[in-house]
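Here's the structure, in structure tokens; my notes come after.
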There are 2 protein chains.
Amino acid sequence: MKKEHLPPNAKRVFTGVIFDVYQWDQKMYDGSTKPFEVVARRDTVVVIPVIGNKILIQHEQQPQREETVIAPPGGRRDEDEEPLAAAKRELLEETGYTADTWELWRTEYPHNKIIYTIYTFIARDCHAVQKQQLDGGEKITPKLITFDEFLMLSDNPAFGEKHLIPTLLRARLDAEQREELYKIIFGEKK
Amino acid sequence: MKKEHLPPNAKRVFTGVIFDVYQWDQKMYDGSTKPFEVVARRDTVVVIPVIGNKILIQHEQQPQREETVIAPPGGRRDEDEEPLAAAKRELLEETGYTADTWELWRTEYPHNKIIYTIYTFIARDCHAVQKQQLDGGEKITPKLITFDEFLMLSDNPAFGEKHLIPTLLRARLDAEQREELYKIIFGEKK
């Protein structure tokens with residue numbers, strides 16, 4: 001859900017590291033009142049980096065998780081940080097790359113009862129300017145994959161960006177949507 | 001994520017209406033320690049009710065939301081309530097139906113950093129035994145739809161069970177997966 005959907009009488013009752021909790025009394029259809037509750041989570045940015053005709057994807061390990069996750073670069077947006085600034089920072093830290101062309105592809109509010117936004121950017125014409133600068137909680141191996149391999153990540157249980165799966169499946173289902181996605185990512189006709 | 005993935009040193013630091021918050025100190029790869037945080041949300045059950053060769057779906061309105069949501073019956077599992085008992089209760093309350101045959105179709109943990117389980121049941125051979133018993137926060141209109149209409153809900157922005165969308169798209173993409181899904185829902189070959 002969007003932050004704008006929080007009613008004016010909602011009160012923040014808990015402030016955490018990445019989650020806050022809001023509560024309010026909700027008037028029901030029958031005139032009664034019920035306690036309602038949502039959480040707000042720090043927003044995240046996702047970057048689809050394009051290098052030539054390939055997409056950069058990462059095999060990631062995190063300390064509290066057993067399995068390797070396959071996902072594009074990205075991470076948490078700092079408070080008061082613009083989404084694009086966060087995307088540039090995460091791409092640089094995780095890959096050492098900067099990009100000449102940035103486009104905000106989509107802004108999503110993926111969960112009910114959770115105030116949370118995922119900003120997905122396309123970063124075209126990426127080039128290396130420094131080494132990876134990972135924090136102590138990241139182990140990341142970059143891989144360059146083709147557009148077809150990117151679409152097939154929708155069948156890979158290790159793919160971590162679940163919010164992209166319907167788009168990848170639709171591109172496999174429909175030639176027009178496939179071409180449209182190709183243009184969105186590479187900025188040109190196949 | 002699953003509750004089992006919560007580390008033993010995690011402490012519940014907030015208890016809410018539907019969300020609890022847990023925190024712990026996570027040892028990182030470089031030996032340093034960082035505060036980690038997840039929330040736990042009450043589990044939900046989803047019921048796919050089958051009546052003849054149709055699927056029952058609901059058009060739902062809720063007081064804090066403007067748009068109508070299209071979704072199968074379902075709702076929150078009470079604490080200490082078995083998932084199947086919650087599914088039977090929600091089907092009866094929302095539709096007035098009971099079912100002769102119940103199958104747990106899938107158990108999902110859809111979000112990172114959120115301990116939350118969605119149990120999806122198939123309820124076959126449904127028949128009406130009472131009227132809807134809605135609470136003051138529900139307005140629900142039932143609709144009977146075909147299997148094909150059910151698959152096409154994957155393209156409908158009003159469809160509320162986002163976790164089912166990849167399965168519906170895969171059934172549209174692949175004849176075998178389509179037949180498999182048909183069997184799962186109707187318990188027979190088309």
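Identifiers in the structure tokens: chain A, B, ... in order shown; residue index from 1 per chain; ligand index from 1 in order shown.
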
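When the distance limit is 8 Å and only C-alpha atoms are what count, the residues near stretch 85-90 of chain A, minus those fewer than 4 positions from it on the same chain, are Val45, Val46, Val47, Pro73, Gly74, Gly75, Arg76, Arg77, Asp78, Glu81, Glu94, Thr98 and Phe121 of chain A.
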
Inset, instruction - Using DSSP on the backbone coordinates, identify the residues of chain B assigned to alpha helix (DSSP H); present them as a PyMOL selection string. - result: chain B and resi 83-95+147-152+165-173+175-186

Per-residue nearest contacts chain A to chain B, cut-off 10 Å, using only C-alpha atoms, as a tab-separated table:
residue	atom	partner	partner_atom	distance
A:Met1	CA	B:Arg65	CA	10.0
A:His5	CA	B:Arg65	CA	8.1
A:Leu6	CA	B:Gln64	CA	8.8
A:Pro7	CA	B:Gln64	CA	8.1
A:Val13	CA	B:Gly16	CA	9.1
A:Phe14	CA	B:Phe14	CA	7.3
A:Thr15	CA	B:Phe14	CA	9.6
A:Gly16	CA	B:Glu37	CA	7.7
A:Val17	CA	B:Glu37	CA	6.4
A:Ile18	CA	B:Glu37	CA	6.7
A:Phe19	CA	B:Val39	CA	7.6
A:Asp20	CA	B:Val21	CA	9.1
A:Val21	CA	B:Phe19	CA	8.0
A:Tyr22	CA	B:Gly16	CA	9.5
A:Gln23	CA	B:Val17	CA	8.5
A:Gln26	CA	B:Gln64	CA	7.5
A:Lys27	CA	B:Pro63	CA	7.4
A:Met28	CA	B:Gly137	CA	5.0
A:Tyr29	CA	B:Gly136	CA	5.3
A:Asp30	CA	B:Gly136	CA	5.0
A:Gly31	CA	B:Gly136	CA	7.7
A:Ser32	CA	B:Gly136	CA	7.0
A:Thr33	CA	B:Gly136	CA	8.8
A:Lys34	CA	B:Gly137	CA	8.7
A:Pro35	CA	B:Val17	CA	7.4
A:Phe36	CA	B:Val17	CA	7.3
A:Glu37	CA	B:Val17	CA	6.4
A:Val38	CA	B:Phe19	CA	7.7
A:Val39	CA	B:Phe19	CA	7.6
A:Arg41	CA	B:Val39	CA	9.8
A:Gln62	CA	B:Met28	CA	8.5
A:Pro63	CA	B:Met28	CA	6.1
A:Gln64	CA	B:Gln26	CA	7.5
A:Arg65	CA	B:His5	CA	8.1
A:Glu66	CA	B:His5	CA	9.7
A:Pro110	CA	B:Lys162	CA	8.6
A:His111	CA	B:His111	CA	8.7
A:Asn112	CA	B:Gly160	CA	9.1
A:Lys113	CA	B:Ile18	CA	9.7
A:Asp135	CA	B:Asp30	CA	8.5
A:Gly136	CA	B:Asp30	CA	5.0
A:Gly137	CA	B:Met28	CA	5.0
A:Glu138	CA	B:Tyr29	CA	7.5
A:Lys139	CA	B:Tyr29	CA	8.4
A:Ser154	CA	B:Pro166	CA	8.6
A:Asp155	CA	B:Arg170	CA	9.4
A:Gly160	CA	B:Asn112	CA	9.1
A:Lys162	CA	B:Pro110	CA	8.6
A:His163	CA	B:Lys162	CA	9.4
A:Ile165	CA	B:Pro166	CA	6.9
A:Pro166	CA	B:Pro166	CA	5.6
A:Thr167	CA	B:Pro166	CA	9.3
A:Leu168	CA	B:Pro166	CA	9.6
A:Leu169	CA	B:Leu169	CA	6.6
A:Arg170	CA	B:Leu169	CA	7.1
A:Arg172	CA	B:Leu173	CA	7.5
A:Leu173	CA	B:Leu173	CA	5.5
A:Asp174	CA	B:Leu173	CA	9.0

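Considering the residues A:Gly187, A:Glu180, A:Asn9, A:Thr95 and counting only C-alpha atoms, A:Leu134 has its shortest atom-to-atom contact with A:Thr95.
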
Inset, instruction - For B:Glu79, please output as a PyMOL selection string all residues within 9 Å (counting only C-alpha atoms; exclusion window: fewer than 3 positions along the same chain). - result: chain B and resi 42-43+82

Those selected residues, please, written with all heavy atoms and delivered as a PDB file, in the first residue's frame.
ATOM      1  N   ARG B  42      -0.021 -12.136  11.186  1.00  0.00           N
ATOM      2  CA  ARG B  42      -0.947 -13.267  11.297  1.00  0.00           C
ATOM      3  C   ARG B  42      -1.094 -13.945   9.940  1.00  0.00           C
ATOM      4  O   ARG B  42      -1.259 -13.273   8.918  1.00  0.00           O
ATOM      5  CB  ARG B  42      -2.336 -12.802  11.755  1.00  0.00           C
ATOM      6  CG  ARG B  42      -2.412 -12.040  13.054  1.00  0.00           C
ATOM      7  CD  ARG B  42      -2.045 -12.822  14.292  1.00  0.00           C
ATOM      8  NE  ARG B  42      -1.936 -11.870  15.407  1.00  0.00           N
ATOM      9  CZ  ARG B  42      -0.830 -11.173  15.722  1.00  0.00           C
ATOM     10  NH1 ARG B  42       0.298 -11.375  15.065  1.00  0.00           N
ATOM     11  NH2 ARG B  42      -0.844 -10.302  16.709  1.00  0.00           N
ATOM     12  N   ASP B  43      -1.085 -15.256   9.941  1.00  0.00           N
ATOM     13  CA  ASP B  43      -1.228 -16.022   8.703  1.00  0.00           C
ATOM     14  C   ASP B  43      -2.609 -15.836   8.094  1.00  0.00           C
ATOM     15  O   ASP B  43      -3.561 -15.494   8.790  1.00  0.00           O
ATOM     16  CB  ASP B  43      -1.031 -17.513   8.993  1.00  0.00           C
ATOM     17  CG  ASP B  43       0.379 -17.815   9.458  1.00  0.00           C
ATOM     18  OD1 ASP B  43       1.285 -17.026   9.144  1.00  0.00           O
ATOM     19  OD2 ASP B  43       0.557 -18.831  10.158  1.00  0.00           O
ATOM     20  N   GLU B  82      -6.182 -24.250  13.580  1.00  0.00           N
ATOM     21  CA  GLU B  82      -5.582 -25.018  12.487  1.00  0.00           C
ATOM     22  C   GLU B  82      -5.915 -24.326  11.155  1.00  0.00           C
ATOM     23  O   GLU B  82      -7.038 -23.814  11.001  1.00  0.00           O
ATOM     24  CB  GLU B  82      -6.140 -26.439  12.463  1.00  0.00           C
ATOM     25  CG  GLU B  82      -5.637 -27.337  13.581  1.00  0.00           C
ATOM     26  CD  GLU B  82      -4.132 -27.547  13.521  1.00  0.00           C
ATOM     27  OE1 GLU B  82      -3.592 -27.717  12.407  1.00  0.00           O
ATOM     28  OE2 GLU B  82      -3.491 -27.508  14.595  1.00  0.00           O
TER      29      GLU B  82
END

Legend entry - Nearby residues (only C-alpha atoms) at most 9 Å from B:Thr68, same-chain spacing under 6 positions excluded, as a PyMOL selection string: chain B and resi 59-62+158

Inset, instruction - List every residue of stretch 31-133 of chain A that DSSP, applied to the backbone, labels as strand (DSSP E or B), and write the result as number ranges by chain. - result: A: 33-41, 44-51, 54-61, 69-71, 74-76, 97-108, 114-115, 118-128

Inset, instruction - Please provide as a PyMOL selection string all residues within 8 Å of A:Val129, with the sequence filter that same-chain residues fewer than 2 positions apart are discarded (counting only C-alpha atoms). - result: chain A and resi 96-98+127+131

Inset, instruction - May I have the residues within 9 Å of A:Phe150 as JSON, numbers by chain, using only C-alpha atoms and disregarding those fewer than 3 positions away in the same chain? - result: {"A": [55, 57, 145, 146, 147, 153, 154, 168]}

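Across the model, the gap from atom CA of A:Val69 to atom CA of A:Leu84 is 23.7 Å.
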
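Comparing the minimum interatomic distances between B:Leu91 and each of B:Ile118, B:Glu103, B:Ala71, B:Ile48, counting only C-alpha atoms, we find that B:Ile48 sits nearest.
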
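Going from atom CA of B:Leu144 to atom CA of B:Glu176 covers 24.6 Å.
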